[in-house]
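Structure file protein.tsv (TSV, C-alpha atoms) is printed below.
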```
chain	number	residue	atom	x	y	z
Q	1	MET	CA	159.16	87.52	105.49
Q	2	ARG	CA	161.18	87.31	108.66
Q	3	TYR	CA	159.75	87.79	112.14
Q	4	ALA	CA	161.52	88.10	115.49
Q	5	ILE	CA	159.77	86.24	118.31
Q	6	ILE	CA	160.45	87.69	121.76
Q	7	ALA	CA	158.95	87.17	125.22
Q	8	ASP	CA	159.41	88.15	128.85
Q	9	ILE	CA	161.46	91.32	128.44
Q	10	HIS	CA	160.67	92.23	132.05
Q	11	ALA	CA	161.90	95.82	131.90
Q	12	ASN	CA	165.48	94.73	131.16
Q	13	LEU	CA	166.62	97.44	128.76
Q	14	GLU	CA	170.17	96.11	128.39
Q	15	ALA	CA	168.87	92.68	127.34
Q	16	LEU	CA	166.26	94.11	124.96
Q	17	THR	CA	168.79	96.46	123.37
Q	18	ALA	CA	171.24	93.59	122.86
Q	19	VAL	CA	168.52	91.51	121.21
Q	20	MET	CA	167.53	94.37	118.90
Q	21	GLU	CA	171.18	94.83	117.89
Q	22	ASP	CA	171.55	91.10	117.27
Q	23	ILE	CA	168.44	91.08	115.08
Q	24	LYS	CA	169.94	93.90	113.01
Q	25	LYS	CA	173.26	92.04	112.63
Q	26	ARG	CA	171.38	89.01	111.34
Q	27	GLY	CA	169.77	90.98	108.53
Q	28	GLY	CA	166.78	92.43	110.34
Q	29	VAL	CA	163.14	91.41	110.35
Q	30	GLU	CA	159.94	92.85	108.93
Q	31	ARG	CA	158.07	92.62	112.23
Q	32	ILE	CA	158.50	91.64	115.86
Q	33	TRP	CA	156.03	89.34	117.60
Q	34	CYS	CA	156.07	89.98	121.37
Q	35	LEU	CA	154.58	87.34	123.67
Q	36	GLY	CA	154.02	89.51	126.73
Q	37	ASP	CA	155.55	90.61	130.03
Q	38	VAL	CA	157.26	93.68	128.66
Q	39	VAL	CA	157.46	95.13	132.17
Q	40	ASP	CA	158.01	94.18	135.83
Q	41	TYR	CA	160.99	92.68	137.67
Q	42	GLY	CA	163.51	94.92	135.88
Q	43	PRO	CA	164.48	98.60	136.28
Q	44	ASP	CA	163.41	100.17	132.97
Q	45	PRO	CA	159.70	99.57	132.23
Q	46	HIS	CA	159.08	102.87	130.42
Q	47	GLU	CA	162.27	102.64	128.37
Q	48	CYS	CA	161.50	99.07	127.25
Q	49	ILE	CA	158.00	100.03	126.16
Q	50	GLU	CA	159.39	103.01	124.26
Q	51	LEU	CA	162.04	100.90	122.50
Q	52	LEU	CA	159.46	98.32	121.51
Q	53	ARG	CA	157.05	100.98	120.24
Q	54	GLN	CA	159.77	102.30	117.94
Q	55	ARG	CA	159.74	98.96	116.11
Q	56	ASN	CA	157.13	97.46	113.81
Q	57	HIS	CA	155.56	94.94	116.15
Q	58	ILE	CA	152.48	93.23	117.49
Q	59	GLY	CA	152.13	91.92	121.01
Q	60	VAL	CA	149.94	90.25	123.58
Q	61	ALA	CA	149.56	91.01	127.29
Q	62	GLY	CA	151.33	89.01	129.96
Q	63	ASN	CA	150.30	88.61	133.57
Q	64	HIS	CA	152.92	91.12	134.75
Q	65	ASP	CA	151.79	93.67	132.18
Q	66	LEU	CA	148.26	93.34	133.50
Q	67	ALA	CA	149.36	93.52	137.13
Q	68	ALA	CA	151.36	96.69	136.51
Q	69	ILE	CA	148.22	98.50	135.37
Q	70	GLY	CA	145.99	97.06	138.09
Q	71	ASN	CA	144.11	94.52	135.99
Q	72	ILE	CA	145.46	91.58	138.00
Q	73	ASP	CA	145.70	91.32	141.78
Q	74	THR	CA	149.25	90.63	142.96
Q	75	THR	CA	148.14	88.58	145.97
Q	76	GLU	CA	148.93	85.42	144.01
Q	77	PHE	CA	152.41	86.67	143.10
Q	78	HIS	CA	155.58	85.65	144.90
Q	79	PRO	CA	156.34	88.41	147.45
Q	80	ASP	CA	159.38	89.62	145.47
Q	81	ALA	CA	157.28	89.78	142.30
Q	82	ALA	CA	154.58	91.74	144.13
Q	83	VAL	CA	157.12	94.29	145.38
Q	84	ALA	CA	158.52	94.71	141.85
Q	85	SER	CA	155.03	95.03	140.40
Q	86	HIS	CA	154.04	97.81	142.78
Q	87	TRP	CA	157.29	99.66	142.05
Q	88	THR	CA	156.72	99.23	138.30
Q	89	SER	CA	153.22	100.68	138.53
Q	90	GLN	CA	154.67	103.89	139.96
Q	91	GLN	CA	157.15	104.26	137.07
Q	92	LEU	CA	154.69	104.01	134.19
Q	93	LYS	CA	153.69	107.07	132.22
Q	94	ILE	CA	150.16	107.56	130.90
Q	95	THR	CA	151.25	106.48	127.44
Q	96	ASP	CA	152.76	103.30	128.91
Q	97	ILE	CA	149.53	102.45	130.71
Q	98	GLU	CA	147.51	103.04	127.54
Q	99	TYR	CA	149.88	100.83	125.57
Q	100	LEU	CA	149.62	97.97	128.05
Q	101	ARG	CA	145.84	98.30	128.34
Q	102	ASP	CA	145.49	97.99	124.57
Q	103	LEU	CA	147.39	94.70	124.36
Q	104	PRO	CA	145.08	91.78	123.53
Q	105	LEU	CA	145.33	88.43	125.28
Q	106	VAL	CA	145.41	86.46	122.02
Q	107	ILE	CA	146.53	87.25	118.47
Q	108	GLU	CA	145.93	84.97	115.50
Q	109	LYS	CA	148.44	85.71	112.74
Q	110	ASP	CA	148.72	83.55	109.62
Q	111	ASP	CA	149.52	80.01	110.83
Q	112	PHE	CA	150.26	81.14	114.39
Q	113	THR	CA	148.39	81.84	117.60
Q	114	LEU	CA	150.25	84.18	119.96
Q	115	VAL	CA	149.62	84.10	123.72
Q	116	HIS	CA	151.64	84.72	126.85
Q	117	GLY	CA	150.71	81.76	129.03
Q	118	SER	CA	148.64	79.20	127.14
Q	119	PRO	CA	145.74	79.17	124.67
Q	120	ARG	CA	143.46	77.90	127.44
Q	121	ASN	CA	144.52	80.57	129.95
Q	122	PRO	CA	146.46	83.26	128.07
Q	123	ALA	CA	147.64	85.28	131.07
Q	124	TRP	CA	148.35	82.66	133.72
Q	125	GLU	CA	148.88	79.04	132.71
Q	126	TYR	CA	152.43	77.68	132.46
Q	127	VAL	CA	152.98	75.22	129.62
Q	128	ILE	CA	155.51	72.91	131.27
Q	129	SER	CA	154.61	69.34	130.23
Q	130	PRO	CA	153.29	67.22	127.35
Q	131	THR	CA	150.04	66.73	129.29
Q	132	ILE	CA	149.39	70.47	129.45
Q	133	VAL	CA	150.18	70.74	125.73
Q	134	GLU	CA	147.65	68.01	124.89
Q	135	GLU	CA	145.00	69.69	127.03
Q	136	ASN	CA	145.59	73.01	125.22
Q	137	LEU	CA	145.38	71.71	121.63
Q	138	PRO	CA	141.58	72.23	121.37
Q	139	TYR	CA	141.97	75.86	122.44
Q	140	PHE	CA	143.73	77.08	119.29
Q	141	LYS	CA	142.89	76.43	115.64
Q	142	SER	CA	146.14	77.39	113.94
Q	143	PRO	CA	148.87	74.84	113.18
Q	144	PHE	CA	151.34	76.55	115.51
Q	145	CYS	CA	151.15	78.36	118.84
Q	146	LEU	CA	153.76	80.66	120.39
Q	147	VAL	CA	153.92	81.07	124.17
Q	148	GLY	CA	156.14	82.69	126.79
Q	149	HIS	CA	155.67	82.89	130.58
Q	150	THR	CA	158.05	80.07	131.63
Q	151	HIS	CA	161.18	81.91	130.42
Q	152	ILE	CA	162.45	78.53	129.14
Q	153	PRO	CA	162.78	77.78	125.40
Q	154	PHE	CA	161.03	74.59	124.36
Q	155	ILE	CA	159.37	72.82	121.44
Q	156	SER	CA	156.36	70.56	121.87
Q	157	ARG	CA	155.16	68.67	118.80
Q	158	TYR	CA	151.88	66.82	118.41
Q	159	GLN	CA	152.74	63.35	117.07
Q	160	GLU	CA	150.69	61.24	114.66
Q	161	ASN	CA	150.17	58.63	117.38
Q	162	GLY	CA	148.37	61.26	119.48
Q	163	ALA	CA	151.21	61.88	121.92
Q	164	CYS	CA	153.07	65.16	122.41
Q	165	SER	CA	156.83	65.47	122.64
Q	166	PHE	CA	158.33	68.12	124.92
Q	167	ASP	CA	161.92	69.08	124.19
Q	168	GLN	CA	164.39	71.80	125.05
Q	169	PHE	CA	164.99	74.31	122.25
Q	170	PRO	CA	168.77	74.84	122.45
Q	171	GLY	CA	170.46	78.06	121.43
Q	172	ASP	CA	171.65	78.36	117.83
Q	173	ALA	CA	169.31	75.53	116.81
Q	174	GLU	CA	166.94	75.49	113.85
Q	175	LEU	CA	163.47	74.00	113.69
Q	176	ALA	CA	161.66	73.14	110.48
Q	177	LEU	CA	157.92	73.65	110.81
Q	178	GLY	CA	156.18	70.65	109.31
Q	179	PRO	CA	152.62	69.37	109.10
Q	180	ASN	CA	152.32	68.53	112.80
Q	181	ARG	CA	150.87	71.05	115.21
Q	182	LEU	CA	153.23	72.41	117.83
Q	183	ILE	CA	153.68	74.86	120.69
Q	184	LEU	CA	156.96	76.80	120.83
Q	185	ASN	CA	158.51	79.01	123.49
Q	186	PRO	CA	161.44	81.29	122.47
Q	187	GLY	CA	162.65	81.70	126.06
Q	188	GLY	CA	163.03	84.93	128.00
Q	189	VAL	CA	164.73	88.10	126.83
Q	190	GLY	CA	165.10	89.80	130.20
Q	191	GLN	CA	165.07	86.99	132.75
Q	192	PRO	CA	166.03	83.56	131.34
Q	193	ARG	CA	165.32	80.60	133.63
Q	194	ASP	CA	167.01	77.69	131.87
Q	195	GLY	CA	170.44	78.08	133.46
Q	196	ASP	CA	171.79	80.27	130.65
Q	197	PRO	CA	171.80	83.97	131.60
Q	198	ARG	CA	171.99	85.16	128.00
Q	199	ALA	CA	168.89	86.71	126.46
Q	200	SER	CA	166.87	84.29	124.35
Q	201	TYR	CA	164.78	84.96	121.25
Q	202	ALA	CA	163.89	83.42	117.88
Q	203	ILE	CA	163.55	84.40	114.23
Q	204	TYR	CA	160.91	82.83	111.99
Q	205	ASP	CA	161.43	82.83	108.22
Q	206	SER	CA	158.13	82.31	106.39
Q	207	GLU	CA	159.86	81.43	103.11
Q	208	SER	CA	162.02	78.63	104.46
Q	209	ILE	CA	159.41	77.82	107.13
Q	210	MET	CA	162.20	77.65	109.71
Q	211	VAL	CA	162.55	78.95	113.25
Q	212	HIS	CA	166.05	79.68	114.58
Q	213	LEU	CA	166.70	80.24	118.29
Q	214	TYR	CA	169.47	82.64	119.33
Q	215	ARG	CA	171.18	83.47	122.64
Q	216	VAL	CA	172.67	86.93	123.17
Q	217	ALA	CA	175.04	88.11	125.88
Q	218	TYR	CA	174.24	91.48	127.45
Q	219	ASP	CA	175.51	93.76	130.21
Q	220	ILE	CA	173.96	92.02	133.20
Q	221	ALA	CA	175.94	94.07	135.71
Q	222	THR	CA	174.44	97.34	134.48
Q	223	THR	CA	170.91	95.98	134.83
Q	224	GLN	CA	171.71	94.70	138.32
Q	225	ALA	CA	173.20	98.04	139.38
Q	226	LYS	CA	170.04	99.84	138.29
Q	227	MET	CA	167.86	97.36	140.19
Q	228	LEU	CA	169.97	97.78	143.32
Q	229	LYS	CA	169.73	101.56	143.04
Q	230	HIS	CA	165.93	101.37	142.87
Q	231	GLY	CA	165.71	99.01	145.85
Q	232	LEU	CA	164.27	96.07	143.93
Q	233	PRO	CA	164.41	92.67	145.67
Q	234	VAL	CA	167.88	91.13	145.94
Q	235	ASN	CA	166.74	87.72	144.68
Q	236	LEU	CA	165.52	89.29	141.46
Q	237	ILE	CA	168.89	90.97	141.05
Q	238	THR	CA	170.98	87.88	141.79
Q	239	ARG	CA	169.09	85.47	139.57
Q	240	LEU	CA	170.07	87.34	136.42
Q	241	SER	CA	173.68	86.19	136.85
Q	242	TYR	CA	172.68	82.53	136.82
Q	243	GLY	CA	169.74	82.37	134.43
Q	244	TRP	CA	167.23	80.88	136.84
```
Translate the structure of the given file into structure tokens.
Amino acid sequence: MRYAIIADIHANLEALTAVMEDIKKRGGVERIWCLGDVVDYGPDPHECIELLRQRNHIGVAGNHDLAAIGNIDTTEFHPDAAVASHWTSQQLKITDIEYLRDLPLVIEKDDFTLVHGSPRNPAWEYVISPTIVEENLPYFKSPFCLVGHTHIPFISRYQENGACSFDQFPGDAELALGPNRLILNPGGVGQPRDGDPRASYAIYDSESIMVHLYRVAYDIATTQAKMLKHGLPVNLITRLSYGW
């Protein structure tokens, strides 16, 4: 079976639509695995939830999903993120709120554990170094763990000598899943932060046991125009052009 792995949509309908179209062009998938933060930052929270719900998918909650429904206090957010979160909360329909409330923090599926942040702290922790990877290994039992939250695609493998590598996962690259445990991040769909503004996602093929990362161009200007119209913070609008 083939699975699409997506994370950090952040209410960017143009990016999510482009990813869905790219998945279809590549032969489609049986199911989508979503690693959280469907909403916030971007201009189309309801529309992104609706598009995702039209697909066969499973998903976990991200910190912005939880903040949008009042389950996380935004006092620890960057001021721009807090403004966007409060705006997002006002746009959600009852069905959107119910959908977000029903998202679990952790999903164990076959050989994978799905979380937004980290296995140790699913909603909040950023996995950004080999040390953090090593500290998180006892917190999941599966061979592989999928995370989002940083908006940066990476691969971290647990080596036989006890050390963990931590490498960029470049676009259009393939990864063979072997015997070693690993943590993988497919990057961000709606707000990449690795210097490449194109949407990022991955496809896992359970027969070949391969993960392929893809980058997809989308209509950034349309997303930015919507954000400007809704009065969302300028920094959130500008960053989409640069992928940071």
If you count only C-alpha atoms, which residues fall within 6 Å of Val60 in chain Q, apart from same-chain ones fewer than 6 positions away, as a CSV table (one decimal) with C-alpha atoms, keeping the file's coordinate frame?
```
chain,number,residue,atom,x,y,z
Q,35,LEU,CA,154.6,87.3,123.7
Q,36,GLY,CA,154.0,89.5,126.7
Q,103,LEU,CA,147.4,94.7,124.4
Q,104,PRO,CA,145.1,91.8,123.5
Q,105,LEU,CA,145.3,88.4,125.3
```
List as an MDAnalysis selection string the protein and nucleic acid residues near range 188-204 of chain Q, meaning an atom at most 8 Å away when all atoms listed in the file are counted, but skip any in the same chain fewer than 2 places from it.
chainID Q and resid 2:13 15:16 19 42 148 150:153 171 186 206 209:218 240:244
Please produce a file of those selected residues containing C-alpha atoms, as a PDB file, keeping the file's coordinate frame.
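result38.pdb was written with the following content:
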```pdb
ATOM      1  CA  ARG Q   2     161.180  87.310 108.660  1.00  0.00           C
ATOM      2  CA  TYR Q   3     159.750  87.790 112.140  1.00  0.00           C
ATOM      3  CA  ALA Q   4     161.520  88.100 115.490  1.00  0.00           C
ATOM      4  CA  ILE Q   5     159.770  86.240 118.310  1.00  0.00           C
ATOM      5  CA  ILE Q   6     160.450  87.690 121.760  1.00  0.00           C
ATOM      6  CA  ALA Q   7     158.950  87.170 125.220  1.00  0.00           C
ATOM      7  CA  ASP Q   8     159.410  88.150 128.850  1.00  0.00           C
ATOM      8  CA  ILE Q   9     161.460  91.320 128.440  1.00  0.00           C
ATOM      9  CA  HIS Q  10     160.670  92.230 132.050  1.00  0.00           C
ATOM     10  CA  ALA Q  11     161.900  95.820 131.900  1.00  0.00           C
ATOM     11  CA  ASN Q  12     165.480  94.730 131.160  1.00  0.00           C
ATOM     12  CA  LEU Q  13     166.620  97.440 128.760  1.00  0.00           C
ATOM     13  CA  ALA Q  15     168.870  92.680 127.340  1.00  0.00           C
ATOM     14  CA  LEU Q  16     166.260  94.110 124.960  1.00  0.00           C
ATOM     15  CA  VAL Q  19     168.520  91.510 121.210  1.00  0.00           C
ATOM     16  CA  GLY Q  42     163.510  94.920 135.880  1.00  0.00           C
ATOM     17  CA  GLY Q 148     156.140  82.690 126.790  1.00  0.00           C
ATOM     18  CA  THR Q 150     158.050  80.070 131.630  1.00  0.00           C
ATOM     19  CA  HIS Q 151     161.180  81.910 130.420  1.00  0.00           C
ATOM     20  CA  ILE Q 152     162.450  78.530 129.140  1.00  0.00           C
ATOM     21  CA  PRO Q 153     162.780  77.780 125.400  1.00  0.00           C
ATOM     22  CA  GLY Q 171     170.460  78.060 121.430  1.00  0.00           C
ATOM     23  CA  PRO Q 186     161.440  81.290 122.470  1.00  0.00           C
ATOM     24  CA  SER Q 206     158.130  82.310 106.390  1.00  0.00           C
ATOM     25  CA  ILE Q 209     159.410  77.820 107.130  1.00  0.00           C
ATOM     26  CA  MET Q 210     162.200  77.650 109.710  1.00  0.00           C
ATOM     27  CA  VAL Q 211     162.550  78.950 113.250  1.00  0.00           C
ATOM     28  CA  HIS Q 212     166.050  79.680 114.580  1.00  0.00           C
ATOM     29  CA  LEU Q 213     166.700  80.240 118.290  1.00  0.00           C
ATOM     30  CA  TYR Q 214     169.470  82.640 119.330  1.00  0.00           C
ATOM     31  CA  ARG Q 215     171.180  83.470 122.640  1.00  0.00           C
ATOM     32  CA  VAL Q 216     172.670  86.930 123.170  1.00  0.00           C
ATOM     33  CA  ALA Q 217     175.040  88.110 125.880  1.00  0.00           C
ATOM     34  CA  TYR Q 218     174.240  91.480 127.450  1.00  0.00           C
ATOM     35  CA  LEU Q 240     170.070  87.340 136.420  1.00  0.00           C
ATOM     36  CA  SER Q 241     173.680  86.190 136.850  1.00  0.00           C
ATOM     37  CA  TYR Q 242     172.680  82.530 136.820  1.00  0.00           C
ATOM     38  CA  GLY Q 243     169.740  82.370 134.430  1.00  0.00           C
ATOM     39  CA  TRP Q 244     167.230  80.880 136.840  1.00  0.00           C
TER      40      TRP Q 244
END
```
Quote the spacing between CA of Gly27 in chain Q and CA of Gln54 in chain Q in Å to one decimal place.
17.8 Å
Considering all atoms listed in the file, return as a PDB file with C-alpha atoms, in the coordinates of the input whatever protein or nucleic-acid residues lie within 9 Å of range 172-183 of chain Q, sequence-local ones (same chain, fewer than 5 positions apart) excluded.
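And here's selection.pdb as it stands now:
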```
ATOM      1  CA  VAL Q 127     152.980  75.220 129.620  1.00  0.00           C
ATOM      2  CA  VAL Q 133     150.180  70.740 125.730  1.00  0.00           C
ATOM      3  CA  LEU Q 137     145.380  71.710 121.630  1.00  0.00           C
ATOM      4  CA  SER Q 142     146.140  77.390 113.940  1.00  0.00           C
ATOM      5  CA  PRO Q 143     148.870  74.840 113.180  1.00  0.00           C
ATOM      6  CA  PHE Q 144     151.340  76.550 115.510  1.00  0.00           C
ATOM      7  CA  CYS Q 145     151.150  78.360 118.840  1.00  0.00           C
ATOM      8  CA  LEU Q 146     153.760  80.660 120.390  1.00  0.00           C
ATOM      9  CA  VAL Q 147     153.920  81.070 124.170  1.00  0.00           C
ATOM     10  CA  PHE Q 154     161.030  74.590 124.360  1.00  0.00           C
ATOM     11  CA  ILE Q 155     159.370  72.820 121.440  1.00  0.00           C
ATOM     12  CA  SER Q 156     156.360  70.560 121.870  1.00  0.00           C
ATOM     13  CA  ARG Q 157     155.160  68.670 118.800  1.00  0.00           C
ATOM     14  CA  TYR Q 158     151.880  66.820 118.410  1.00  0.00           C
ATOM     15  CA  GLN Q 159     152.740  63.350 117.070  1.00  0.00           C
ATOM     16  CA  GLU Q 160     150.690  61.240 114.660  1.00  0.00           C
ATOM     17  CA  CYS Q 164     153.070  65.160 122.410  1.00  0.00           C
ATOM     18  CA  SER Q 208     162.020  78.630 104.460  1.00  0.00           C
ATOM     19  CA  ILE Q 209     159.410  77.820 107.130  1.00  0.00           C
ATOM     20  CA  MET Q 210     162.200  77.650 109.710  1.00  0.00           C
ATOM     21  CA  VAL Q 211     162.550  78.950 113.250  1.00  0.00           C
ATOM     22  CA  HIS Q 212     166.050  79.680 114.580  1.00  0.00           C
ATOM     23  CA  LEU Q 213     166.700  80.240 118.290  1.00  0.00           C
ATOM     24  CA  TYR Q 214     169.470  82.640 119.330  1.00  0.00           C
ATOM     25  CA  ARG Q 215     171.180  83.470 122.640  1.00  0.00           C
TER      26      ARG Q 215
END
```
With a distance cut-off of 10 Å and all atoms listed in the file, select the neighbouring residues of Ile237 in chain Q, excluding the residue or stretch itself and same-chain residues fewer than 4 positions from it, and output the selection as a PyMOL selection string.
chain Q and resi 41-42+191+220-221+223-228+231-233+241
Writing out the chosen residues with C-alpha atoms as a PDB file, in the coordinates of the input:
```pdb
ATOM      1  CA  TYR Q  41     160.990  92.680 137.670  1.00  0.00           C
ATOM      2  CA  GLY Q  42     163.510  94.920 135.880  1.00  0.00           C
ATOM      3  CA  GLN Q 191     165.070  86.990 132.750  1.00  0.00           C
ATOM      4  CA  ILE Q 220     173.960  92.020 133.200  1.00  0.00           C
ATOM      5  CA  ALA Q 221     175.940  94.070 135.710  1.00  0.00           C
ATOM      6  CA  THR Q 223     170.910  95.980 134.830  1.00  0.00           C
ATOM      7  CA  GLN Q 224     171.710  94.700 138.320  1.00  0.00           C
ATOM      8  CA  ALA Q 225     173.200  98.040 139.380  1.00  0.00           C
ATOM      9  CA  LYS Q 226     170.040  99.840 138.290  1.00  0.00           C
ATOM     10  CA  MET Q 227     167.860  97.360 140.190  1.00  0.00           C
ATOM     11  CA  LEU Q 228     169.970  97.780 143.320  1.00  0.00           C
ATOM     12  CA  GLY Q 231     165.710  99.010 145.850  1.00  0.00           C
ATOM     13  CA  LEU Q 232     164.270  96.070 143.930  1.00  0.00           C
ATOM     14  CA  PRO Q 233     164.410  92.670 145.670  1.00  0.00           C
ATOM     15  CA  SER Q 241     173.680  86.190 136.850  1.00  0.00           C
TER      16      SER Q 241
END
```
In Å, how far is it from CA of Asp102 in chain Q to CA of Ala61 in chain Q?
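Calculated distance between CA of Asp102 in chain Q and CA of Ala61 in chain Q is 8.5 Å.
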Closest of Q:Asp110, Q:Arg120, Q:Asn56, Q:Thr74 to Pro138 in chain Q - atom-to-atom distances counting all atoms listed in the file
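Using all atoms listed in the file, the shortest distance to Pro138 in chain Q belongs to Q:Arg120.
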Residue with smallest distance to Ile49 in chain Q - pool Q:Thr95, Q:Glu30, Q:His86, Q:Glu14, counting all atoms listed in the file:
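Looking only at the distances to Ile49 in chain Q, the closest residue turns out to be Q:Thr95.
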Report, in Å with one decimal, the straight-line distance from CA of His46 in chain Q to CA of Ala82 in chain Q.
18.2 Å
Give the centre and edge lengths of an axis-aligned box, in Å to one decimal, that holds all listed atoms of range 43-52 of chain Q with 8 Å on each side, as JSON.
```
{"center_x": 161.2, "center_y": 100.7, "center_z": 128.9, "size_x": 22.5, "size_y": 20.7, "size_z": 30.8}
```
Residues within 7 Å of (153.4, 101.8, 125.5), file coords, all atoms listed in the file, listed as number ranges by chain
Q: 49-50, 53, 95-100
Rank Q:Ile23, Q:Lys141, Q:Pro43, Q:Ile32 by their smallest atom-to-atom distance to Asp111 in chain Q, using only C-alpha atoms, and report the top residue only.
Q:Lys141
Taking all atoms listed in the file into account, which of Q:Phe112, Q:Phe140, Q:Phe169, Q:Trp124 comes nearest Asp37 in chain Q?
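Closest to Asp37 in chain Q, using all atoms listed in the file: Q:Trp124.
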Excluding Pro130 in chain Q and any residue of its chain fewer than 4 positions from it, enumerate the residues within 7 Å of it, using all atoms listed in the file, and give them as a PDB file with C-alpha atoms, in the frame of the given file.
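Here's the written file around03.pdb:
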```pdb
ATOM      1  CA  GLU Q 134     147.650  68.010 124.890  1.00  0.00           C
ATOM      2  CA  CYS Q 164     153.070  65.160 122.410  1.00  0.00           C
ATOM      3  CA  SER Q 165     156.830  65.470 122.640  1.00  0.00           C
ATOM      4  CA  PHE Q 166     158.330  68.120 124.920  1.00  0.00           C
TER       5      PHE Q 166
END
```
